[in-house]
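File shown here: coords_30.cif, holding mmCIF, C-alpha atoms, pLDDT in the B column; chains and numbers go by the auth columns.
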```cif
data_coords
loop_
_atom_site.group_PDB
_atom_site.id
_atom_site.type_symbol
_atom_site.label_atom_id
_atom_site.label_comp_id
_atom_site.label_asym_id
_atom_site.label_seq_id
_atom_site.Cartn_x
_atom_site.Cartn_y
_atom_site.Cartn_z
_atom_site.B_iso_or_equiv
_atom_site.auth_seq_id
_atom_site.auth_asym_id
ATOM 1 C CA MET A 1 98.746 95.080 129.911 54.00 1 E
ATOM 2 C CA MET A 2 102.447 95.901 129.750 58.00 2 E
ATOM 3 C CA LYS A 3 102.958 93.006 127.396 57.00 3 E
ATOM 4 C CA LYS A 4 100.355 94.445 124.973 54.00 4 E
ATOM 5 C CA ILE A 5 101.951 97.898 125.075 57.00 5 E
ATOM 6 C CA TYR A 6 105.358 96.359 124.422 51.00 6 E
ATOM 7 C CA LEU A 7 104.022 94.379 121.455 49.00 7 E
ATOM 8 C CA ILE A 8 102.338 97.491 120.017 51.00 8 E
ATOM 9 C CA LEU A 9 105.564 99.488 120.368 49.00 9 E
ATOM 10 C CA CYS A 10 107.534 96.701 118.679 45.00 10 E
ATOM 11 C CA LEU A 11 105.031 96.667 115.815 43.00 11 E
ATOM 12 C CA ILE A 12 105.288 100.449 115.391 46.00 12 E
ATOM 13 C CA VAL A 13 109.091 100.293 115.364 43.00 13 E
ATOM 14 C CA ALA A 14 109.050 97.424 112.835 43.00 14 E
ATOM 15 C CA ILE A 15 106.693 99.300 110.520 42.00 15 E
ATOM 16 C CA ASN A 16 108.767 102.467 110.701 47.00 16 E
ATOM 17 C CA ALA A 17 112.033 100.550 110.249 49.00 17 E
ATOM 18 C CA ALA A 18 110.837 98.870 107.048 52.00 18 E
ATOM 19 C CA PRO A 19 112.424 100.672 104.117 70.00 19 E
ATOM 20 C CA ASN A 20 109.999 102.793 102.122 85.00 20 E
ATOM 21 C CA PRO A 21 110.665 102.273 98.384 88.00 21 E
ATOM 22 C CA GLU A 22 109.694 105.851 97.494 89.00 22 E
ATOM 23 C CA ILE A 23 112.093 107.319 100.040 87.00 23 E
ATOM 24 C CA LEU A 24 114.891 104.949 98.971 85.00 24 E
ATOM 25 C CA ALA A 25 114.441 105.923 95.307 88.00 25 E
ATOM 26 C CA LYS A 26 114.238 109.633 96.116 89.00 26 E
ATOM 27 C CA ASN A 27 117.391 109.584 98.261 88.00 27 E
ATOM 28 C CA HIS A 28 119.333 107.603 95.663 87.00 28 E
ATOM 29 C CA ALA A 29 118.367 109.981 92.852 89.00 29 E
ATOM 30 C CA LYS A 30 119.140 113.055 94.939 89.00 30 E
ATOM 31 C CA TYR A 31 122.596 111.771 95.873 86.00 31 E
ATOM 32 C CA TYR A 32 123.737 110.571 92.429 86.00 32 E
ATOM 33 C CA LYS A 33 122.118 113.283 90.313 89.00 33 E
ATOM 34 C CA LYS A 34 124.882 115.682 91.386 89.00 34 E
ATOM 35 C CA GLU A 35 127.393 113.779 89.227 89.00 35 E
ATOM 36 C CA LEU A 36 125.479 114.117 85.950 92.00 36 E
ATOM 37 C CA PRO A 37 125.984 114.139 83.033 93.00 37 E
ATOM 38 C CA TYR A 38 128.219 111.089 83.172 90.00 38 E
ATOM 39 C CA ARG A 39 129.687 109.193 80.215 89.00 39 E
ATOM 40 C CA THR A 40 129.118 105.507 80.892 86.00 40 E
ATOM 41 C CA SER A 41 130.648 104.212 77.650 82.00 41 E
ATOM 42 C CA ASN A 42 131.720 105.431 74.219 80.00 42 E
ATOM 43 C CA ASN A 43 128.106 105.482 73.052 81.00 43 E
ATOM 44 C CA LEU A 44 126.195 106.390 76.237 86.00 44 E
ATOM 45 C CA ILE A 45 125.871 109.439 78.437 89.00 45 E
ATOM 46 C CA LEU A 46 123.763 109.255 81.584 92.00 46 E
ATOM 47 C CA THR A 47 121.977 112.596 81.443 93.00 47 E
ATOM 48 C CA ASP A 48 119.327 112.381 84.153 94.00 48 E
ATOM 49 C CA LEU A 49 118.262 110.357 87.167 94.00 49 E
ATOM 50 C CA LEU A 50 114.705 110.708 88.428 94.00 50 E
ATOM 51 C CA ALA A 51 112.775 109.206 91.312 95.00 51 E
ATOM 52 C CA VAL A 52 109.117 108.797 90.390 94.00 52 E
ATOM 53 C CA GLY A 53 107.220 107.003 93.121 92.00 53 E
ATOM 54 C CA GLU A 54 108.892 103.661 93.634 93.00 54 E
ATOM 55 C CA SER A 55 110.817 103.898 90.357 94.00 55 E
ATOM 56 C CA LEU A 56 114.320 105.081 89.641 94.00 56 E
ATOM 57 C CA ILE A 57 114.543 106.300 86.069 95.00 57 E
ATOM 58 C CA TYR A 58 117.955 106.554 84.442 94.00 58 E
ATOM 59 C CA ARG A 59 117.861 108.564 81.185 94.00 59 E
ATOM 60 C CA TYR A 60 120.678 108.040 78.695 92.00 60 E
ATOM 61 C CA THR A 61 121.512 109.807 75.477 90.00 61 E
ATOM 62 C CA LEU A 62 123.155 107.832 72.715 84.00 62 E
ATOM 63 C CA ASN A 63 126.283 109.518 71.460 75.00 63 E
ATOM 64 C CA ASP A 64 126.042 108.862 67.753 71.00 64 E
ATOM 65 C CA THR A 65 129.315 110.503 66.782 66.00 65 E
ATOM 66 C CA MET A 66 131.395 107.473 67.622 62.00 66 E
ATOM 67 C CA LYS A 67 132.757 104.960 65.126 69.00 67 E
ATOM 68 C CA ASN A 68 130.165 102.415 66.320 69.00 68 E
ATOM 69 C CA ALA A 69 127.158 104.749 66.014 76.00 69 E
ATOM 70 C CA VAL A 70 123.945 103.035 67.041 78.00 70 E
ATOM 71 C CA SER A 71 121.931 104.777 64.319 75.00 71 E
ATOM 72 C CA LYS A 72 124.221 103.203 61.707 79.00 72 E
ATOM 73 C CA MET A 73 123.771 99.676 63.046 82.00 73 E
ATOM 74 C CA SER A 74 121.527 97.216 61.271 88.00 74 E
ATOM 75 C CA GLU A 75 118.366 96.154 63.079 89.00 75 E
ATOM 76 C CA ASP A 76 120.023 92.868 64.098 93.00 76 E
ATOM 77 C CA GLU A 77 123.073 94.724 65.417 89.00 77 E
ATOM 78 C CA GLN A 78 120.837 97.082 67.405 87.00 78 E
ATOM 79 C CA LEU A 79 118.959 94.142 68.939 90.00 79 E
ATOM 80 C CA GLU A 80 122.247 92.529 69.913 93.00 80 E
ATOM 81 C CA TYR A 81 123.466 95.857 71.364 87.00 81 E
ATOM 82 C CA ILE A 82 120.267 96.121 73.436 88.00 82 E
ATOM 83 C CA LYS A 83 120.725 92.546 74.730 92.00 83 E
ATOM 84 C CA VAL A 84 124.296 93.330 75.779 91.00 84 E
ATOM 85 C CA LEU A 85 123.192 96.524 77.560 88.00 85 E
ATOM 86 C CA GLU A 86 120.326 94.724 79.300 90.00 86 E
ATOM 87 C CA LYS A 87 122.573 91.892 80.471 92.00 87 E
ATOM 88 C CA TYR A 88 125.123 94.389 81.785 90.00 88 E
ATOM 89 C CA ALA A 89 122.445 96.536 83.515 90.00 89 E
ATOM 90 C CA ILE A 90 120.884 93.547 85.252 92.00 90 E
ATOM 91 C CA LYS A 91 124.212 92.029 86.270 92.00 91 E
ATOM 92 C CA SER A 92 125.650 95.295 87.611 91.00 92 E
ATOM 93 C CA SER A 93 122.428 96.155 89.489 91.00 93 E
ATOM 94 C CA CYS A 94 122.045 92.712 91.016 92.00 94 E
ATOM 95 C CA ASN A 95 125.710 92.528 92.067 92.00 95 E
ATOM 96 C CA ASP A 96 125.578 95.907 93.833 91.00 96 E
ATOM 97 C CA ARG A 97 124.405 95.257 97.413 90.00 97 E
ATOM 98 C CA TYR A 98 122.915 98.727 97.806 88.00 98 E
ATOM 99 C CA ILE A 99 120.944 98.510 94.558 91.00 99 E
ATOM 100 C CA LEU A 100 119.899 94.929 95.311 91.00 100 E
ATOM 101 C CA ASN A 101 118.585 96.005 98.726 89.00 101 E
ATOM 102 C CA MET A 102 116.573 98.765 97.049 91.00 102 E
ATOM 103 C CA LEU A 103 115.161 96.302 94.508 93.00 103 E
ATOM 104 C CA ASN A 104 114.259 93.864 97.289 92.00 104 E
ATOM 105 C CA SER A 105 112.530 96.720 99.118 91.00 105 E
ATOM 106 C CA GLY A 106 110.233 97.343 96.157 93.00 106 E
ATOM 107 C CA VAL A 107 112.137 99.884 94.063 94.00 107 E
ATOM 108 C CA TYR A 108 111.995 99.412 90.282 94.00 108 E
ATOM 109 C CA ILE A 109 114.736 100.617 87.950 95.00 109 E
ATOM 110 C CA GLU A 110 114.115 101.807 84.410 96.00 110 E
ATOM 111 C CA HIS A 111 116.923 102.596 81.998 94.00 111 E
ATOM 112 C CA LEU A 112 115.637 104.758 79.125 94.00 112 E
ATOM 113 C CA PHE A 113 117.819 105.252 76.068 90.00 113 E
ATOM 114 C CA TYR A 114 117.191 108.255 73.833 90.00 114 E
ATOM 115 C CA TYR A 115 118.568 109.340 70.516 82.00 115 E
ATOM 116 C CA GLU A 116 119.390 113.057 70.553 74.00 116 E
ATOM 117 C CA MET A 117 117.498 113.380 73.864 68.00 117 E
ATOM 118 C CA THR A 118 114.123 113.324 72.117 80.00 118 E
ATOM 119 C CA ARG A 119 113.365 109.936 70.598 85.00 119 E
ATOM 120 C CA LEU A 120 113.085 106.950 72.928 88.00 120 E
ATOM 121 C CA LEU A 121 114.888 104.032 71.306 85.00 121 E
ATOM 122 C CA PHE A 122 114.458 101.359 73.965 88.00 122 E
ATOM 123 C CA GLU A 123 114.138 100.778 77.669 93.00 123 E
ATOM 124 C CA ILE A 124 115.307 98.226 80.183 93.00 124 E
ATOM 125 C CA LYS A 125 113.282 97.535 83.330 94.00 125 E
ATOM 126 C CA ILE A 126 114.777 95.847 86.360 94.00 126 E
ATOM 127 C CA ASP A 127 113.074 94.606 89.490 94.00 127 E
ATOM 128 C CA ALA A 128 113.933 92.072 92.202 94.00 128 E
ATOM 129 C CA ARG A 129 112.598 89.202 90.053 94.00 129 E
ATOM 130 C CA LYS A 130 115.275 89.840 87.403 92.00 130 E
ATOM 131 C CA CYS A 131 117.947 89.376 90.075 90.00 131 E
ATOM 132 C CA ALA A 132 116.310 86.180 91.302 89.00 132 E
ATOM 133 C CA GLU A 133 116.316 84.869 87.720 87.00 133 E
ATOM 134 C CA LEU A 134 120.015 85.761 87.407 78.00 134 E
ATOM 135 C CA ASN A 135 121.000 83.482 90.298 66.00 135 E
#
```
Represent the supplied structure as structure tokens.
Amino acid sequence: MMKKIYLILCLIVAINAAPNPEILAKNHAKYYKKELPYRTSNNLILTDLLAVGESLIYRYTLNDTMKNAVSKMSEDEQLEYIKVLEKYAIKSSCNDRYILNMLNSGVYIEHLFYYEMTRLLFEIKIDARKCAELN
């Protein structure tokens, strides 16, 4: 009888100790949102960070006043720019132990890039599979 009670208690502790993706995303957004807006590069400003369910949504605004304005790039240049951003986002997320742990716990990351905060230009989605593919 005591053995059954012990096993039940261990199961309850294990279930409660498993990280909840929604809570992880919510806590991450709450902590880092205080530092926004944040210029991440010459062309990008991180303007918002939202936790929606199991997703972390990073919203960026493209700063089009720079010499290398995205709106002035050809379609091929924009596609190359998106590839570079995606590669950087995946690499930096997968090399950050905290972010990698969140991804492995079921959190999804979406990077949304807007022009003048109204028009969605492109998005990058990252999950644990992207990190597995990287290695």
**OP:** Would you list the contacts of Val70 (chain E) as number ranges by chain, taking every protein, DNA or RNA residue within 12 Å and counting all atoms listed in the file, but skipping same-chain residues closer than 4 positions in sequence?
**Re:** E: 42-44, 61-66, 74-82, 113-116, 121-122
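For the structure in this document, the set picked by the PyMOL selection byres ((chain E and resi 91) around 12) is Val84, Leu85, Glu86, Lys87, Tyr88, Ala89, Ile90, Ser92, Ser93, Cys94, Asn95, Asp96, Arg97, Ile99, Leu100, Ile126, Asp127, Ala128, Lys130, Cys131, Ala132, Glu133, Leu134 and Asn135 of chain E.
At a cut-off of 8 Å from (124.8, 113.1, 86.7), the residue set is E:Tyr32, E:Lys33, E:Lys34, E:Glu35, E:Leu36, E:Pro37, E:Tyr38, E:Leu46, E:Thr47, E:Asp48, E:Leu49 (counting all atoms listed in the file).
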Could you dump the residues just selected with C-alpha atoms as a PDB file, keeping the file's coordinate frame?
```pdb
ATOM      1  CA  TYR E  32     123.737 110.571  92.429  1.00 86.00           C
ATOM      2  CA  LYS E  33     122.118 113.283  90.313  1.00 89.00           C
ATOM      3  CA  LYS E  34     124.882 115.682  91.386  1.00 89.00           C
ATOM      4  CA  GLU E  35     127.393 113.779  89.227  1.00 89.00           C
ATOM      5  CA  LEU E  36     125.479 114.117  85.950  1.00 92.00           C
ATOM      6  CA  PRO E  37     125.984 114.139  83.033  1.00 93.00           C
ATOM      7  CA  TYR E  38     128.219 111.089  83.172  1.00 90.00           C
ATOM      8  CA  LEU E  46     123.763 109.255  81.584  1.00 92.00           C
ATOM      9  CA  THR E  47     121.977 112.596  81.443  1.00 93.00           C
ATOM     10  CA  ASP E  48     119.327 112.381  84.153  1.00 94.00           C
ATOM     11  CA  LEU E  49     118.262 110.357  87.167  1.00 94.00           C
TER      12      LEU E  49
END
```
Subject >> Closest of E:Ser41, E:Asn27, E:Ser55, E:Asn20 to His111 (chain E) - atom-to-atom distances counting only C-alpha atoms >> reply: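 Using only C-alpha atoms, the shortest distance to His111 (chain E) belongs to E:Ser55.
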Original post:
With all atoms listed in the file as the basis for distance, which of E:Ala51, E:Ile45, E:Tyr60, E:Lys125 is at the shortest distance from Lys30 (chain E)?
Top reply: E:Ala51
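Picture a line from CA of Tyr58 (chain E) to CA of Ile109 (chain E); it runs 7.6 Å.
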Original post:
Nearest to Glu110 (chain E): which of E:Arg129, E:Tyr98, E:Met73, E:Leu56 is it, counting all atoms listed in the file?
Top reply: E:Leu56
**OP:** Just give me the gap between CA of Ile124 (chain E) and CA of Ile23 (chain E) in Å, one decimal is fine.
**Re:** 22.1 Å
Original post:
Just so the selection is clear, what residues does the PyMOL selection byres ((chain E and resi 21) around 9) cover here, as a PyMOL selection string?
Top reply: chain E and resi 19-20+22-26+53-55+102-103+105-108
Any chance you could export the current selection's C-alpha atoms as an mmCIF file, in the coordinates of the input?
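New file selection.cif:
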```
data_model
loop_
_atom_site.group_PDB
_atom_site.id
_atom_site.type_symbol
_atom_site.label_atom_id
_atom_site.label_comp_id
_atom_site.auth_asym_id
_atom_site.auth_seq_id
_atom_site.Cartn_x
_atom_site.Cartn_y
_atom_site.Cartn_z
ATOM 1 C CA PRO E 19 112.424 100.672 104.117
ATOM 2 C CA ASN E 20 109.999 102.793 102.122
ATOM 3 C CA GLU E 22 109.694 105.851 97.494
ATOM 4 C CA ILE E 23 112.093 107.319 100.040
ATOM 5 C CA LEU E 24 114.891 104.949 98.971
ATOM 6 C CA ALA E 25 114.441 105.923 95.307
ATOM 7 C CA LYS E 26 114.238 109.633 96.116
ATOM 8 C CA GLY E 53 107.220 107.003 93.121
ATOM 9 C CA GLU E 54 108.892 103.661 93.634
ATOM 10 C CA SER E 55 110.817 103.898 90.357
ATOM 11 C CA MET E 102 116.573 98.765 97.049
ATOM 12 C CA LEU E 103 115.161 96.302 94.508
ATOM 13 C CA SER E 105 112.530 96.720 99.118
ATOM 14 C CA GLY E 106 110.233 97.343 96.157
ATOM 15 C CA VAL E 107 112.137 99.884 94.063
ATOM 16 C CA TYR E 108 111.995 99.412 90.282
#
```
Subject >> Distance in Å - CA of Thr118 (chain E) versus CA of Leu50 (chain E) >> reply: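 Interatomic distance, CA of Thr118 (chain E) to CA of Leu50 (chain E): 16.5 Å.
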Original post:
Smallest atom-to-atom distance to Thr40 (chain E): which of E:Arg119, E:Arg59, E:His28, E:Lys83, using all atoms listed in the file?
Top reply: E:Arg59
Reconstruct region 34-65 of chain E at the level of N, CA and C atoms, and format the result as a PDB file, in the frame of the given file.
```pdb
ATOM      1  N   LYS E  34     123.859 114.632  91.331  1.00 89.00           N
ATOM      2  CA  LYS E  34     124.882 115.682  91.386  1.00 89.00           C
ATOM      3  C   LYS E  34     126.038 115.420  90.419  1.00 89.00           C
ATOM      4  N   GLU E  35     126.248 114.163  90.068  1.00 89.00           N
ATOM      5  CA  GLU E  35     127.393 113.779  89.227  1.00 89.00           C
ATOM      6  C   GLU E  35     127.073 113.752  87.732  1.00 89.00           C
ATOM      7  N   LEU E  36     125.903 114.205  87.355  1.00 92.00           N
ATOM      8  CA  LEU E  36     125.479 114.117  85.950  1.00 92.00           C
ATOM      9  C   LEU E  36     125.761 115.394  85.184  1.00 92.00           C
ATOM     10  N   PRO E  37     125.969 115.324  83.888  1.00 93.00           N
ATOM     11  CA  PRO E  37     125.984 114.139  83.033  1.00 93.00           C
ATOM     12  C   PRO E  37     127.250 113.322  83.256  1.00 93.00           C
ATOM     13  N   TYR E  38     127.129 112.022  82.951  1.00 90.00           N
ATOM     14  CA  TYR E  38     128.219 111.089  83.172  1.00 90.00           C
ATOM     15  C   TYR E  38     128.317 110.137  81.976  1.00 90.00           C
ATOM     16  N   ARG E  39     129.481 110.092  81.355  1.00 89.00           N
ATOM     17  CA  ARG E  39     129.687 109.193  80.215  1.00 89.00           C
ATOM     18  C   ARG E  39     129.905 107.790  80.766  1.00 89.00           C
ATOM     19  N   THR E  40     129.017 106.877  80.408  1.00 86.00           N
ATOM     20  CA  THR E  40     129.118 105.507  80.892  1.00 86.00           C
ATOM     21  C   THR E  40     129.871 104.596  79.929  1.00 86.00           C
ATOM     22  N   SER E  41     129.891 104.965  78.659  1.00 82.00           N
ATOM     23  CA  SER E  41     130.648 104.212  77.650  1.00 82.00           C
ATOM     24  C   SER E  41     130.874 105.136  76.467  1.00 82.00           C
ATOM     25  N   ASN E  42     131.496 104.607  75.411  1.00 80.00           N
ATOM     26  CA  ASN E  42     131.720 105.431  74.219  1.00 80.00           C
ATOM     27  C   ASN E  42     130.421 105.935  73.618  1.00 80.00           C
ATOM     28  N   ASN E  43     129.363 105.125  73.700  1.00 81.00           N
ATOM     29  CA  ASN E  43     128.106 105.482  73.052  1.00 81.00           C
ATOM     30  C   ASN E  43     127.055 106.066  73.998  1.00 81.00           C
ATOM     31  N   LEU E  44     127.255 106.006  75.305  1.00 86.00           N
ATOM     32  CA  LEU E  44     126.195 106.390  76.237  1.00 86.00           C
ATOM     33  C   LEU E  44     126.621 107.481  77.209  1.00 86.00           C
ATOM     34  N   ILE E  45     125.688 108.401  77.420  1.00 89.00           N
ATOM     35  CA  ILE E  45     125.871 109.439  78.437  1.00 89.00           C
ATOM     36  C   ILE E  45     124.645 109.410  79.328  1.00 89.00           C
ATOM     37  N   LEU E  46     124.859 109.189  80.624  1.00 92.00           N
ATOM     38  CA  LEU E  46     123.763 109.255  81.584  1.00 92.00           C
ATOM     39  C   LEU E  46     123.473 110.727  81.827  1.00 92.00           C
ATOM     40  N   THR E  47     122.296 111.169  81.396  1.00 93.00           N
ATOM     41  CA  THR E  47     121.977 112.596  81.443  1.00 93.00           C
ATOM     42  C   THR E  47     121.049 112.985  82.580  1.00 93.00           C
ATOM     43  N   ASP E  48     120.273 112.035  83.100  1.00 94.00           N
ATOM     44  CA  ASP E  48     119.327 112.381  84.153  1.00 94.00           C
ATOM     45  C   ASP E  48     119.010 111.160  84.988  1.00 94.00           C
ATOM     46  N   LEU E  49     118.665 111.402  86.239  1.00 94.00           N
ATOM     47  CA  LEU E  49     118.262 110.357  87.167  1.00 94.00           C
ATOM     48  C   LEU E  49     117.080 110.888  87.944  1.00 94.00           C
ATOM     49  N   LEU E  50     115.942 110.236  87.811  1.00 94.00           N
ATOM     50  CA  LEU E  50     114.705 110.708  88.428  1.00 94.00           C
ATOM     51  C   LEU E  50     114.145 109.646  89.356  1.00 94.00           C
ATOM     52  N   ALA E  51     113.533 110.090  90.435  1.00 95.00           N
ATOM     53  CA  ALA E  51     112.775 109.206  91.312  1.00 95.00           C
ATOM     54  C   ALA E  51     111.310 109.558  91.112  1.00 95.00           C
ATOM     55  N   VAL E  52     110.541 108.605  90.610  1.00 94.00           N
ATOM     56  CA  VAL E  52     109.117 108.797  90.390  1.00 94.00           C
ATOM     57  C   VAL E  52     108.410 107.686  91.148  1.00 94.00           C
ATOM     58  N   GLY E  53     107.842 108.020  92.278  1.00 92.00           N
ATOM     59  CA  GLY E  53     107.220 107.003  93.121  1.00 92.00           C
ATOM     60  C   GLY E  53     108.261 106.001  93.553  1.00 92.00           C
ATOM     61  N   GLU E  54     107.979 104.741  93.265  1.00 93.00           N
ATOM     62  CA  GLU E  54     108.892 103.661  93.634  1.00 93.00           C
ATOM     63  C   GLU E  54     109.880 103.328  92.525  1.00 93.00           C
ATOM     64  N   SER E  55     109.944 104.157  91.497  1.00 94.00           N
ATOM     65  CA  SER E  55     110.817 103.898  90.357  1.00 94.00           C
ATOM     66  C   SER E  55     112.006 104.845  90.332  1.00 94.00           C
ATOM     67  N   LEU E  56     113.133 104.292  89.955  1.00 94.00           N
ATOM     68  CA  LEU E  56     114.320 105.081  89.641  1.00 94.00           C
ATOM     69  C   LEU E  56     114.450 105.054  88.132  1.00 94.00           C
ATOM     70  N   ILE E  57     114.483 106.217  87.521  1.00 95.00           N
ATOM     71  CA  ILE E  57     114.543 106.300  86.069  1.00 95.00           C
ATOM     72  C   ILE E  57     115.875 106.914  85.668  1.00 95.00           C
ATOM     73  N   TYR E  58     116.673 106.111  84.973  1.00 94.00           N
ATOM     74  CA  TYR E  58     117.955 106.554  84.442  1.00 94.00           C
ATOM     75  C   TYR E  58     117.727 106.903  82.967  1.00 94.00           C
ATOM     76  N   ARG E  59     118.031 108.138  82.582  1.00 94.00           N
ATOM     77  CA  ARG E  59     117.861 108.564  81.185  1.00 94.00           C
ATOM     78  C   ARG E  59     119.239 108.710  80.545  1.00 94.00           C
ATOM     79  N   TYR E  60     119.424 108.024  79.432  1.00 92.00           N
ATOM     80  CA  TYR E  60     120.678 108.040  78.695  1.00 92.00           C
ATOM     81  C   TYR E  60     120.462 108.670  77.328  1.00 92.00           C
ATOM     82  N   THR E  61     121.490 109.321  76.850  1.00 90.00           N
ATOM     83  CA  THR E  61     121.512 109.807  75.477  1.00 90.00           C
ATOM     84  C   THR E  61     122.560 109.009  74.730  1.00 90.00           C
ATOM     85  N   LEU E  62     122.198 108.546  73.547  1.00 84.00           N
ATOM     86  CA  LEU E  62     123.155 107.832  72.715  1.00 84.00           C
ATOM     87  C   LEU E  62     124.027 108.840  71.990  1.00 84.00           C
ATOM     88  N   ASN E  63     125.313 108.688  72.152  1.00 75.00           N
ATOM     89  CA  ASN E  63     126.283 109.518  71.460  1.00 75.00           C
ATOM     90  C   ASN E  63     126.527 108.874  70.107  1.00 75.00           C
ATOM     91  N   ASP E  64     125.980 109.472  69.074  1.00 71.00           N
ATOM     92  CA  ASP E  64     126.042 108.862  67.753  1.00 71.00           C
ATOM     93  C   ASP E  64     127.204 109.376  66.910  1.00 71.00           C
ATOM     94  N   THR E  65     128.172 110.003  67.537  1.00 66.00           N
ATOM     95  CA  THR E  65     129.315 110.503  66.782  1.00 66.00           C
ATOM     96  C   THR E  65     130.476 109.515  66.788  1.00 66.00           C
TER      97      THR E  65
END
```
